[in-house]
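A.B. asks: Handing you a structure now.
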Amino acid sequence: MPDHDREYDIVLWGATGFTGRLVADYLADRYGASDLDWALAGRSRERLAAVRDEVAAGERGGDAGRDDGDRDAADRDDGLADLPLLVGDAFDRGSLDAIAERAAVVCTTVGPYATYGTELVAACVAHGTDYCDLSGEVHWMRQTIDEHHERARETGARIVHGCGFDSVPSDIGTLLLQTHAEETLGSPCEEVRGLVSIRGGAFSGGTIASMVELYETADEDREVRRILADPRPLDPPESRDAPADRPQRWVGYDRDLDTWTAPFVMAQINEPVVSRSNALLEHPWGHAFRYGEALATGDGVGGAVRAGALALGQGLLAGALSIGPLRRALDRYVFPDPGDGPDEETIEDSSFAVRLRGTGASDDHPGGFAVEATVRGDRDPGYGSTCRMLGESAVCLARGDVESPYDGGVLTPASGIGLPLIDRLEGTGVAFDVETVERGD
Ligand SMILES: NC(=O)c1ccc[n+]([C@@H]2O[C@H](COP(=O)([O-])OP(=O)(O)OC[C@H]3O[C@@H](n4cnc5c(N)ncnc54)[C@H](OP(=O)(O)O)[C@@H]3O)[C@@H](O)[C@H]2O)c1
């Protein structure tokens, strides 16, 4: 049931983009037009109408929102053909105000967010409208926190960044693991390590554009470089100086999980997000809590070689992106254009698993304990699973299906939505598990 008196539960802003179309298809498949009042929004009525036609006809296979995977186009809700279309522009504040005041939640895939997202956040904060996005742009998240956190608390706008593959598995997975440790072992873990495995997958033009934008800004702005070098850039000032590790930069070996590891590019985002969650929840996991993540590449010689190749490849790419002319040439001639992305087969045939291992000790278990949580997705993480995570984040917010100490603020998935997101994702193909694996008495 809706938890608001707005005209729409959700307005999907950016419905014409690569990821926006996937989110539209997901919501159409799972909720149709009768279980949710929602609208498509973007800058071109014509392109929005084309997306609406596609979604109503179930042209994308029609099974984005279910794990039985075979709902055909004929099952699509007739009302989808009449989904409302709202037109605006990311730089036209008046048009964004008009959207924000009619929506309980604005769910946005218009990125790079540092380029296109600032006015929308301001409009949502002004109108007390909840908001969720796919931003992994730490410098911009820092900016929205500084500019809007306090005001959003007053207006009751929950602004939740990072509701896709970055950072839902890391952030909600850690919340699940810590809740389990506190409830069953008497204490949270002092440290959590996440190991990510991805099979297949590819990047869209919008994701690459966000990465290129980040390097451009860092080139020009010393403050952005400082934020990117800070291990806790999203924490409130009082906890920003707590000891923290920088993301892994080279090959490692994880003895507990028996695998070689390589740097994981999203760790730069996920580690600060998990740290902000702990801070916003008032440090239930302690001030010295550490979260770190890496890519798992397997054991033996094969695992070591893969870890070395991945570390080297990422180092070379980061080096190339740091050189302005080379970056611009790659962007122009090599990278996919905005609007493009992996084909349906690649999305379908890919999958991911994030294995989180936490360790700690308590009065009942002085010899130490270990807890493991796993988050799995049966499709490509950045798109096939991200559209489910973002769509369900928006539904949680619209229905007030959240466990959060905040009515408003610039929040993280764990502090702004919490464990209800796991229940909402059940049956979609994104699954969370947790268990105690060591219990030292
Ligand atoms: N965190 C994650 O896990 C994750 C996963 C996937 C994507 N992402 C992020 O999501 C964002 C979108 O990626 P994408 O590949 O879907 O991008 P995309 O295909 O390029 O889509 C961008 C969208 O922005 C719209 N847009 C551009 N300029 C606009 C303006 N002035 N006013 C209003 N709308 C405007 C485009 O509209 P038109 O169609 O009219 O051009 C399009 O709908 C990126 O920032 C990416 O990094 C994150």
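So you can find residues: chains in the structure tokens are A, B, ... in the order shown, residues in each start at 1, and ligands are numbered from 1 in order.
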Could you list, as an NGL selection string, every residue within 12 Å of Tyr131 in chain A, counting only C-alpha atoms and ignoring same-chain residues fewer than 3 positions away?

C.D. replies: :A and (9-13 or 99-101 or 103-109 or 117 or 120-128 or 134-135 or 152 or 156-163 or 390-391 or 393-398 or 408-413 or 416-417)

A.B. asks: Write out as a VMD selection string all residues of range 82-209 of chain A that backbone DSSP assigns to strand (DSSP E).

C.D. replies: chain A and resid 85 to 87 103 to 108 130 to 133 158 to 160 191 to 199

A.B. asks: Could you pull out all residues of range 174-241 of chain A with a DSSP call of alpha helix (DSSP H) and give them as a ChimeraX atom specification?

C.D. replies: /A:174-185,205-220,222-229

A.B. asks: Save out the residues we just selected, N, CA and C atoms, as an mmCIF file, in the first residue's frame.

C.D. replies:
```cif
data_model
loop_
_atom_site.group_PDB
_atom_site.id
_atom_site.type_symbol
_atom_site.label_atom_id
_atom_site.label_comp_id
_atom_site.auth_asym_id
_atom_site.auth_seq_id
_atom_site.Cartn_x
_atom_site.Cartn_y
_atom_site.Cartn_z
ATOM 1 N N THR A 174 26.481 -6.585 4.096
ATOM 2 C CA THR A 174 27.164 -6.355 5.386
ATOM 3 C C THR A 174 26.145 -6.146 6.502
ATOM 4 N N LEU A 175 25.061 -5.417 6.204
ATOM 5 C CA LEU A 175 24.016 -5.220 7.216
ATOM 6 C C LEU A 175 23.420 -6.568 7.647
ATOM 7 N N LEU A 176 23.183 -7.441 6.671
ATOM 8 C CA LEU A 176 22.625 -8.759 6.980
ATOM 9 C C LEU A 176 23.585 -9.556 7.854
ATOM 10 N N LEU A 177 24.859 -9.552 7.440
ATOM 11 C CA LEU A 177 25.886 -10.299 8.170
ATOM 12 C C LEU A 177 26.012 -9.782 9.608
ATOM 13 N N GLN A 178 26.050 -8.475 9.762
ATOM 14 C CA GLN A 178 26.227 -7.900 11.102
ATOM 15 C C GLN A 178 24.992 -8.124 11.974
ATOM 16 N N THR A 179 23.811 -8.059 11.365
ATOM 17 C CA THR A 179 22.591 -8.298 12.138
ATOM 18 C C THR A 179 22.600 -9.742 12.640
ATOM 19 N N HIS A 180 23.013 -10.661 11.778
ATOM 20 C CA HIS A 180 23.097 -12.079 12.163
ATOM 21 C C HIS A 180 24.112 -12.246 13.304
ATOM 22 N N ALA A 181 25.278 -11.629 13.176
ATOM 23 C CA ALA A 181 26.322 -11.774 14.206
ATOM 24 C C ALA A 181 25.823 -11.227 15.553
ATOM 25 N N GLU A 182 25.175 -10.063 15.508
ATOM 26 C CA GLU A 182 24.703 -9.462 16.767
ATOM 27 C C GLU A 182 23.622 -10.334 17.413
ATOM 28 N N GLU A 183 22.725 -10.839 16.575
ATOM 29 C CA GLU A 183 21.588 -11.595 17.126
ATOM 30 C C GLU A 183 21.972 -13.002 17.589
ATOM 31 N N THR A 184 22.914 -13.646 16.899
ATOM 32 C CA THR A 184 23.189 -15.047 17.233
ATOM 33 C C THR A 184 24.515 -15.247 17.973
ATOM 34 N N LEU A 185 25.437 -14.292 17.875
ATOM 35 C CA LEU A 185 26.748 -14.485 18.504
ATOM 36 C C LEU A 185 27.046 -13.425 19.565
ATOM 37 N N GLY A 205 27.513 2.422 -22.188
ATOM 38 C CA GLY A 205 28.100 3.724 -22.499
ATOM 39 C C GLY A 205 27.971 4.695 -21.338
ATOM 40 N N GLY A 206 26.830 4.653 -20.641
ATOM 41 C CA GLY A 206 26.600 5.579 -19.523
ATOM 42 C C GLY A 206 27.570 5.313 -18.377
ATOM 43 N N THR A 207 27.880 4.038 -18.119
ATOM 44 C CA THR A 207 28.818 3.710 -17.041
ATOM 45 C C THR A 207 30.221 4.197 -17.409
ATOM 46 N N ILE A 208 30.599 3.959 -18.661
ATOM 47 C CA ILE A 208 31.920 4.419 -19.105
ATOM 48 C C ILE A 208 31.985 5.946 -19.049
ATOM 49 N N ALA A 209 30.888 6.599 -19.465
ATOM 50 C CA ALA A 209 30.864 8.079 -19.437
ATOM 51 C C ALA A 209 31.061 8.573 -18.005
ATOM 52 N N SER A 210 30.489 7.859 -17.035
ATOM 53 C CA SER A 210 30.633 8.278 -15.631
ATOM 54 C C SER A 210 32.086 8.118 -15.184
ATOM 55 N N MET A 211 32.741 7.039 -15.666
ATOM 56 C CA MET A 211 34.134 6.800 -15.305
ATOM 57 C C MET A 211 35.030 7.886 -15.927
ATOM 58 N N VAL A 212 34.764 8.188 -17.195
ATOM 59 C CA VAL A 212 35.568 9.205 -17.898
ATOM 60 C C VAL A 212 35.370 10.567 -17.227
ATOM 61 N N GLU A 213 34.114 10.857 -16.855
ATOM 62 C CA GLU A 213 33.810 12.136 -16.201
ATOM 63 C C GLU A 213 34.595 12.263 -14.898
ATOM 64 N N LEU A 214 34.702 11.134 -14.174
ATOM 65 C CA LEU A 214 35.415 11.137 -12.898
ATOM 66 C C LEU A 214 36.895 11.495 -13.114
ATOM 67 N N TYR A 215 37.514 10.861 -14.121
ATOM 68 C CA TYR A 215 38.925 11.157 -14.398
ATOM 69 C C TYR A 215 39.099 12.603 -14.867
ATOM 70 N N GLU A 216 38.158 13.093 -15.687
ATOM 71 C CA GLU A 216 38.219 14.499 -16.160
ATOM 72 C C GLU A 216 38.209 15.437 -14.960
ATOM 73 N N THR A 217 37.250 15.210 -14.052
ATOM 74 C CA THR A 217 37.100 16.117 -12.918
ATOM 75 C C THR A 217 38.321 16.036 -12.010
ATOM 76 N N ALA A 218 38.801 14.801 -11.799
ATOM 77 C CA ALA A 218 39.954 14.641 -10.913
ATOM 78 C C ALA A 218 41.181 15.358 -11.477
ATOM 79 N N ASP A 219 41.294 15.366 -12.810
ATOM 80 C CA ASP A 219 42.398 16.067 -13.472
ATOM 81 C C ASP A 219 42.386 17.552 -13.146
ATOM 82 N N GLU A 220 41.159 18.095 -13.109
ATOM 83 C CA GLU A 220 41.018 19.552 -12.994
ATOM 84 C C GLU A 220 40.902 20.037 -11.563
ATOM 85 N N ARG A 222 41.674 19.653 -7.526
ATOM 86 C CA ARG A 222 42.486 19.057 -6.470
ATOM 87 C C ARG A 222 41.618 18.502 -5.325
ATOM 88 N N GLU A 223 40.500 19.195 -5.038
ATOM 89 C CA GLU A 223 39.611 18.745 -3.962
ATOM 90 C C GLU A 223 39.019 17.360 -4.291
ATOM 91 N N VAL A 224 38.684 17.164 -5.579
ATOM 92 C CA VAL A 224 38.148 15.851 -5.986
ATOM 93 C C VAL A 224 39.231 14.787 -5.802
ATOM 94 N N ARG A 225 40.469 15.123 -6.135
ATOM 95 C CA ARG A 225 41.563 14.148 -5.941
ATOM 96 C C ARG A 225 41.718 13.810 -4.461
ATOM 97 N N ARG A 226 41.543 14.826 -3.617
ATOM 98 C CA ARG A 226 41.654 14.586 -2.178
ATOM 99 C C ARG A 226 40.524 13.659 -1.699
ATOM 100 N N ILE A 227 39.326 13.906 -2.195
ATOM 101 C CA ILE A 227 38.178 13.064 -1.802
ATOM 102 C C ILE A 227 38.422 11.617 -2.245
ATOM 103 N N LEU A 228 38.941 11.450 -3.462
ATOM 104 C CA LEU A 228 39.147 10.093 -3.991
ATOM 105 C C LEU A 228 40.259 9.354 -3.249
ATOM 106 N N ALA A 229 41.179 10.119 -2.640
ATOM 107 C CA ALA A 229 42.283 9.474 -1.914
ATOM 108 C C ALA A 229 41.912 9.179 -0.465
#
```

A.B. asks: Do you know which residues are at most 9 Å from range 303-310 of chain A counting only C-alpha atoms, after dropping those on the same chain fewer than 5 positions away, and could you put them as a list in words?

C.D. replies: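 Answer for this query is Trp250, Val251, Gly252, Tyr253, Thr259, Trp260, Thr261, Ala262, Pro263, Leu295, Ala296, Thr297, Gly298 and Gly315 of chain A.
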
A.B. asks: Could you please take those selected residues and save C-alpha atoms as an mmCIF file, in the first residue's frame?

C.D. replies:
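Here's the written file again03.cif:
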```
data_model
loop_
_atom_site.group_PDB
_atom_site.id
_atom_site.type_symbol
_atom_site.label_atom_id
_atom_site.label_comp_id
_atom_site.auth_asym_id
_atom_site.auth_seq_id
_atom_site.Cartn_x
_atom_site.Cartn_y
_atom_site.Cartn_z
ATOM 1 C CA TRP A 250 47.663 -5.371 -6.388
ATOM 2 C CA VAL A 251 47.466 -9.190 -6.207
ATOM 3 C CA GLY A 252 46.580 -10.750 -2.840
ATOM 4 C CA TYR A 253 45.768 -14.138 -1.387
ATOM 5 C CA THR A 259 41.570 -17.770 -3.292
ATOM 6 C CA TRP A 260 43.864 -15.356 -5.082
ATOM 7 C CA THR A 261 42.482 -11.836 -5.324
ATOM 8 C CA ALA A 262 42.795 -8.822 -7.612
ATOM 9 C CA PRO A 263 41.740 -5.195 -7.069
ATOM 10 C CA LEU A 295 37.875 -9.728 -6.899
ATOM 11 C CA ALA A 296 38.229 -13.472 -6.246
ATOM 12 C CA THR A 297 40.118 -15.247 -9.016
ATOM 13 C CA GLY A 298 40.351 -18.817 -7.655
ATOM 14 C CA GLY A 315 46.438 -0.624 -13.730
#
```

A.B. asks: For ligand 1, return the neighbouring residues as an MDAnalysis selection string (distance at most 6 Å; only C-alpha atoms and all ligand atoms).

C.D. replies: chainID A and resid 14:20 42:44 89:91 109:113 134:136 162 164:166 204:207 210 338:340 382:383 386
